[in-house]
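Heads up, protein-v7.txt below (compact mmCIF, C-alpha atoms):
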# COMPACT_ATOMS: atom_id res chain seq x y z
CA ASN A 1 206.32 39.74 -106.30
CA THR A 2 205.16 42.70 -108.40
CA ALA A 3 205.46 45.12 -105.47
CA SER A 4 209.28 44.86 -105.64
CA LEU A 5 209.47 46.19 -109.24
CA SER A 6 210.78 49.71 -109.87
CA GLU A 7 208.71 52.32 -111.73
CA ASP A 8 211.04 52.16 -114.76
CA THR A 9 210.78 48.38 -114.92
CA ILE A 10 207.00 48.58 -114.69
CA ARG A 11 206.83 51.19 -117.47
CA VAL A 12 209.06 49.12 -119.79
CA ARG A 13 207.10 45.96 -119.09
CA LYS A 14 203.80 47.76 -119.75
CA MET A 15 205.06 49.02 -123.11
CA GLU A 16 206.43 45.62 -124.16
CA TYR A 17 203.36 43.63 -123.23
CA SER A 18 200.93 46.31 -124.41
CA ALA A 19 202.59 46.13 -127.82
CA LEU A 20 202.25 42.34 -127.78
CA PHE A 21 198.58 42.46 -126.79
CA GLY A 22 197.93 45.28 -129.29
CA ALA A 23 199.54 43.30 -132.12
CA GLY A 24 197.33 40.31 -131.32
CA ALA A 25 194.19 42.45 -131.22
CA VAL A 26 195.04 44.24 -134.48
CA SER A 27 195.81 40.89 -136.15
CA LEU A 28 192.42 39.52 -135.11
CA GLY A 29 190.71 42.69 -136.32
CA VAL A 30 192.39 42.54 -139.72
CA ALA A 31 191.66 38.81 -140.02
CA GLY A 32 188.00 39.51 -139.21
CA LEU A 33 187.76 42.24 -141.87
CA VAL A 34 189.40 39.99 -144.46
CA ALA A 35 187.02 37.17 -143.54
CA VAL A 36 183.94 39.38 -143.90
CA TYR A 37 185.19 40.74 -147.23
CA LYS A 38 185.96 37.23 -148.51
CA LYS A 39 182.57 35.94 -147.43
CA ARG A 40 180.34 38.87 -148.45
CA GLY A 41 182.39 40.73 -151.05
CA THR A 42 181.78 44.04 -149.29
CA LEU A 43 182.90 46.02 -146.26
CA SER A 44 180.75 48.83 -144.93
CA LEU A 45 180.92 51.44 -142.22
CA GLY A 46 177.80 53.58 -142.19
CA PRO A 47 177.44 55.29 -145.58
CA LEU A 48 180.99 54.34 -146.60
CA GLU A 49 181.29 51.00 -148.39
CA TYR A 50 183.90 49.05 -150.33
CA ARG A 51 182.61 46.45 -152.78
CA ARG A 52 184.49 43.91 -154.82
CA GLY A 53 184.56 45.13 -158.42
CA ARG A 54 182.86 48.43 -157.57
CA GLY A 55 185.42 50.28 -155.46
CA CYS A 56 184.80 52.68 -152.62
CA LEU A 57 181.25 54.05 -152.41
CA PHE A 58 179.70 56.83 -150.34
CA TYR A 59 175.90 56.61 -150.14
CA GLY A 60 176.00 54.28 -153.14
CA LYS A 61 177.99 56.67 -155.32
CA PRO A 62 181.54 55.72 -156.39
CA ILE A 63 184.26 57.94 -154.90
CA CYS A 64 187.53 56.08 -155.58
CA CYS A 65 189.17 52.79 -156.61
CA THR A 66 186.54 52.27 -159.30
CA THR A 67 186.66 50.44 -162.62
CA LYS A 68 186.03 52.18 -165.95
CA ALA A 69 182.45 50.84 -166.09
CA VAL A 70 181.71 52.29 -162.66
CA GLN A 71 183.26 55.62 -163.66
CA LYS A 72 181.06 55.68 -166.77
CA GLN A 73 178.01 54.98 -164.60
CA ARG A 74 179.02 57.82 -162.26
CA ASP A 75 179.35 60.21 -165.19
CA HIS A 76 175.82 59.35 -166.35
CA GLY A 77 174.36 59.89 -162.85
CA SER A 78 173.05 56.38 -162.14
CA SER A 79 173.70 55.01 -158.67
CA ASP A 80 173.82 51.47 -157.43
CA ALA A 81 171.06 52.19 -154.90
CA GLU A 82 168.73 53.38 -157.70
CA TYR A 83 169.39 50.18 -159.66
CA HIS A 84 168.58 47.96 -156.65
CA ASN A 85 165.39 49.93 -155.87
CA ILE A 86 164.20 49.55 -159.48
CA ALA A 87 165.05 45.82 -159.54
CA GLU A 88 163.34 45.21 -156.19
CA GLY A 89 160.23 47.13 -157.30
CA SER A 90 159.93 45.16 -160.52
CA GLN A 91 160.22 41.87 -158.60
CA LEU A 92 157.40 42.97 -156.31
CA LEU A 93 155.25 43.90 -159.29
CA ASP A 94 155.97 40.56 -160.96
CA ALA A 95 155.09 38.69 -157.78
CA GLY A 96 151.82 40.60 -157.46
CA LYS A 97 150.73 39.74 -161.02
CA ASN A 98 150.92 35.98 -160.50
CA ASP A 99 149.36 35.38 -157.08
CA GLU A 100 148.33 31.85 -158.01
CA GLU A 101 151.99 30.86 -158.58
CA ILE A 102 153.13 31.71 -155.04
CA PRO A 103 153.46 28.44 -153.05
CA ASP A 104 151.94 27.90 -149.61
CA VAL A 105 154.07 28.64 -146.54
CA PRO A 106 153.88 25.07 -145.11
CA GLU A 107 155.05 23.72 -148.49
CA ILE A 108 158.05 26.08 -148.44
CA GLN A 109 158.84 25.11 -144.83
CA ASP A 110 158.81 21.42 -145.72
CA GLN A 111 161.18 22.04 -148.65
CA VAL A 112 163.55 24.06 -146.48
CA LEU A 113 163.56 21.39 -143.75
CA GLN A 114 164.28 18.68 -146.31
CA GLN A 115 167.17 20.74 -147.76
CA GLN A 116 168.57 21.34 -144.27
CA GLN A 117 168.40 17.61 -143.49
CA VAL A 118 170.29 16.77 -146.70
CA VAL A 119 172.97 19.36 -145.94
CA TYR A 120 173.29 18.12 -142.35
CA GLU A 121 173.66 14.50 -143.44
CA LYS A 122 176.30 15.47 -145.99
CA ASN A 123 178.25 17.57 -143.45
CA HIS A 124 177.61 15.55 -140.27
CA ASN A 125 181.30 14.93 -139.54
CA ALA A 126 182.20 18.59 -140.04
CA VAL A 127 179.41 19.67 -137.69
CA LYS A 128 180.56 17.16 -135.07
CA PHE A 129 184.19 18.33 -135.43
CA ARG A 130 183.10 21.96 -135.06
CA PHE A 131 181.13 21.18 -131.91
CA VAL A 132 183.98 19.20 -130.31
CA ALA A 133 186.64 21.78 -131.24
CA LEU A 134 184.63 24.78 -130.01
CA SER A 135 183.66 22.94 -126.82
CA GLY A 136 187.32 22.10 -126.15
CA LEU A 137 188.39 25.68 -126.78
CA PHE A 138 185.63 26.95 -124.50
CA VAL A 139 186.65 24.60 -121.69
CA SER A 140 190.31 25.64 -122.02
CA TYR A 141 189.26 29.32 -122.06
CA VAL A 142 187.20 28.95 -118.86
CA GLY A 143 189.86 26.78 -117.23
CA CYS A 144 192.56 29.33 -117.97
CA SER A 145 190.33 32.20 -116.80
CA LEU A 146 189.76 30.48 -113.47
CA GLY A 147 193.05 28.63 -113.04
CA MET A 148 195.60 31.33 -113.92
CA PRO A 149 194.53 33.80 -111.21
CA LEU A 150 194.53 31.04 -108.60
CA ALA A 151 197.93 29.72 -109.69
CA MET A 152 199.56 33.15 -109.90
CA ALA A 153 197.99 34.71 -106.79
CA PRO A 154 201.14 34.35 -104.64
CA ARG A 155 203.12 36.44 -107.16
CA ALA A 156 200.57 39.25 -107.33
CA SER A 157 200.46 42.37 -105.19
CA CYS A 158 197.64 44.74 -104.31
CA GLU A 159 199.64 47.65 -105.67
CA HIS A 160 200.53 46.30 -109.14
CA GLY A 161 198.38 43.20 -109.61
CA PHE A 162 199.60 40.28 -111.73
CA PHE A 163 202.71 40.24 -113.90
CA TRP A 164 201.92 41.05 -117.52
CA GLU A 165 203.21 37.67 -118.66
CA ASP A 166 200.67 35.99 -116.36
CA HIS A 167 198.00 37.27 -118.75
CA LEU A 168 199.63 35.74 -121.84
CA PRO A 169 198.17 32.20 -121.58
CA PHE A 170 194.65 33.61 -121.30
CA PHE A 171 195.25 36.01 -124.20
CA GLY A 172 196.80 33.23 -126.29
CA ILE A 173 193.81 30.93 -125.83
CA PHE A 174 191.49 33.86 -126.56
CA CYS A 175 193.33 34.62 -129.85
CA ILE A 176 193.41 30.96 -130.88
CA THR A 177 189.67 30.64 -130.19
CA LYS A 178 188.82 33.79 -132.16
CA ALA A 179 191.09 32.79 -135.07
CA PHE A 180 189.37 29.39 -135.20
CA GLU A 181 185.95 31.07 -135.16
CA ILE A 182 187.03 33.32 -138.05
CA TYR A 183 188.20 30.22 -139.93
CA LEU A 184 184.83 28.56 -139.34
CA TYR A 185 183.02 31.69 -140.53
CA VAL A 186 185.00 31.81 -143.78
CA THR A 187 184.71 28.09 -144.55
CA ASP A 188 181.04 27.74 -143.55
CA LYS A 189 178.76 27.16 -146.52
Structure encoded using structure tokens:
Amino acid sequence: NTASLSEDTIRVRKMEYSALFGAGAVSLGVAGLVAVYKKRGTLSLGPLEYRRGRGCLFYGKPICCTTKAVQKQRDHGSSDAEYHNIAEGSQLLDAGKNDEEIPDVPEIQDQVLQQQQVVYEKNHNAVKFRFVALSGLFVSYVGCSLGMPLAMAPRASCEHGFFWEDHLPFFGIFCITKAFEIYLYVTDK
């Protein structure tokens, strides 16, 4: 029973298990950042951005970890945002000049649906595996969330709650589920 634990024992157990839970959370966070960077080639937080091959940018201007070409661009005053605005504007102008070449929306929708059908048929087994795996992980997650408190209720006390190790199965399934979701995100085409 948790009520019989001394204050020192409780403090030590809190530090040990907090470190364990913290390490799992930090590992998932780092894995998520790596996955986003691998998938998109960029990480951003407000105006601060890190791009593959470009370095660290602040409001589109290089600030560190840049290549020589980016440093040369910085010295000449051109920013990445200016380049994208110019390129986007010229695409809009080009599209406006040739109105007769723009296809109808239903025609585009039919092409997209046909492409999606081809991709689905090619990856049918992978989609089925993903559905079965995520459904199994979800059922185990819900089962653990409901079953662990019921199974461990006799050991709990009103004063201190559950033992820290009683939370580990739930946290383990949570981490496995999130790691699998990150894997699916990275490998999804």
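Taking all atoms listed in the file into account, the residues near (181.7, 47.3, -153.7), no farther than 12 Å, are A:Tyr37, A:Arg40, A:Gly41, A:Thr42, A:Leu43, A:Ser44, A:Leu48, A:Glu49, A:Tyr50, A:Arg51, A:Arg52, A:Gly53, A:Arg54, A:Gly55, A:Cys56, A:Leu57, A:Phe58, A:Tyr59, A:Gly60, A:Lys61, A:Pro62, A:Ile63, A:Cys64, A:Cys65, A:Thr66, A:Thr67, A:Val70, A:Asp80, A:Ala81.
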Next, the residues of the selection above should be written as a CSV table (one decimal), in the coordinates of the input with C-alpha atoms.
chain,number,residue,atom,x,y,z
A,37,TYR,CA,185.2,40.7,-147.2
A,40,ARG,CA,180.3,38.9,-148.4
A,41,GLY,CA,182.4,40.7,-151.0
A,42,THR,CA,181.8,44.0,-149.3
A,43,LEU,CA,182.9,46.0,-146.3
A,44,SER,CA,180.8,48.8,-144.9
A,48,LEU,CA,181.0,54.3,-146.6
A,49,GLU,CA,181.3,51.0,-148.4
A,50,TYR,CA,183.9,49.0,-150.3
A,51,ARG,CA,182.6,46.4,-152.8
A,52,ARG,CA,184.5,43.9,-154.8
A,53,GLY,CA,184.6,45.1,-158.4
A,54,ARG,CA,182.9,48.4,-157.6
A,55,GLY,CA,185.4,50.3,-155.5
A,56,CYS,CA,184.8,52.7,-152.6
A,57,LEU,CA,181.2,54.0,-152.4
A,58,PHE,CA,179.7,56.8,-150.3
A,59,TYR,CA,175.9,56.6,-150.1
A,60,GLY,CA,176.0,54.3,-153.1
A,61,LYS,CA,178.0,56.7,-155.3
A,62,PRO,CA,181.5,55.7,-156.4
A,63,ILE,CA,184.3,57.9,-154.9
A,64,CYS,CA,187.5,56.1,-155.6
A,65,CYS,CA,189.2,52.8,-156.6
A,66,THR,CA,186.5,52.3,-159.3
A,67,THR,CA,186.7,50.4,-162.6
A,70,VAL,CA,181.7,52.3,-162.7
A,80,ASP,CA,173.8,51.5,-157.4
A,81,ALA,CA,171.1,52.2,-154.9
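Rounded to one decimal, CA of Phe129 (chain A) and CA of Phe170 (chain A) lie 23.3 Å from each other.
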Neighbouring residues of region 7-15 of chain A were defined as those with any atom within 9 Å, considering only C-alpha atoms; residues of the same chain fewer than 2 positions away were excluded. Please report them as a PyMOL selection string. chain A and resi 2+5+17-20+160+163-164
From the list A:Tyr183, A:Phe171, A:Pro47, A:Gly32, the nearest residue to Tyr141 (chain A) using only C-alpha atoms is A:Phe171
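For the pair CA of Thr177 (chain A) and CA of Phe21 (chain A), the interatomic distance is 15.2 Å.
Minimum distance to Gly29 (chain A) across A:Arg130, A:Arg155, A:Lys178, A:Lys189 (counting all atoms listed in the file) occurs at A:Lys178.
Distance annotation: of A:Met148, A:His124, A:Pro154, A:Glu181, the residue with the minimal separation from His167 (chain A) is A:Met148; atom set is all atoms listed in the file.
Take the candidates A:Cys158, A:Asp166, A:Phe180, A:Ile173 and check each one against Ser4 (chain A) using all atoms listed in the file; the shortest distance goes to A:Cys158.
From CA of Leu28 (chain A) back to CA of Val142 (chain A), the distance works out to 20.1 Å.
Residue nearest Glu159 (chain A) within the list A:Leu113, A:Ile182, A:Val139, A:Ala3: A:Ala3 [criterion: smallest interatomic distance, all atoms listed in the file].
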For region 31-37 of chain A, take all atoms listed in the file, fit an axis-aligned box around them, add 3 Å to each of the six sides, then output centre and edge lengths in Å rounded to one decimal, as lines of an AutoDock Vina configuration file.
center_x = 187.8
center_y = 39.7
center_z = -143.2
size_x = 13.7
size_y = 11.1
size_z = 14.0
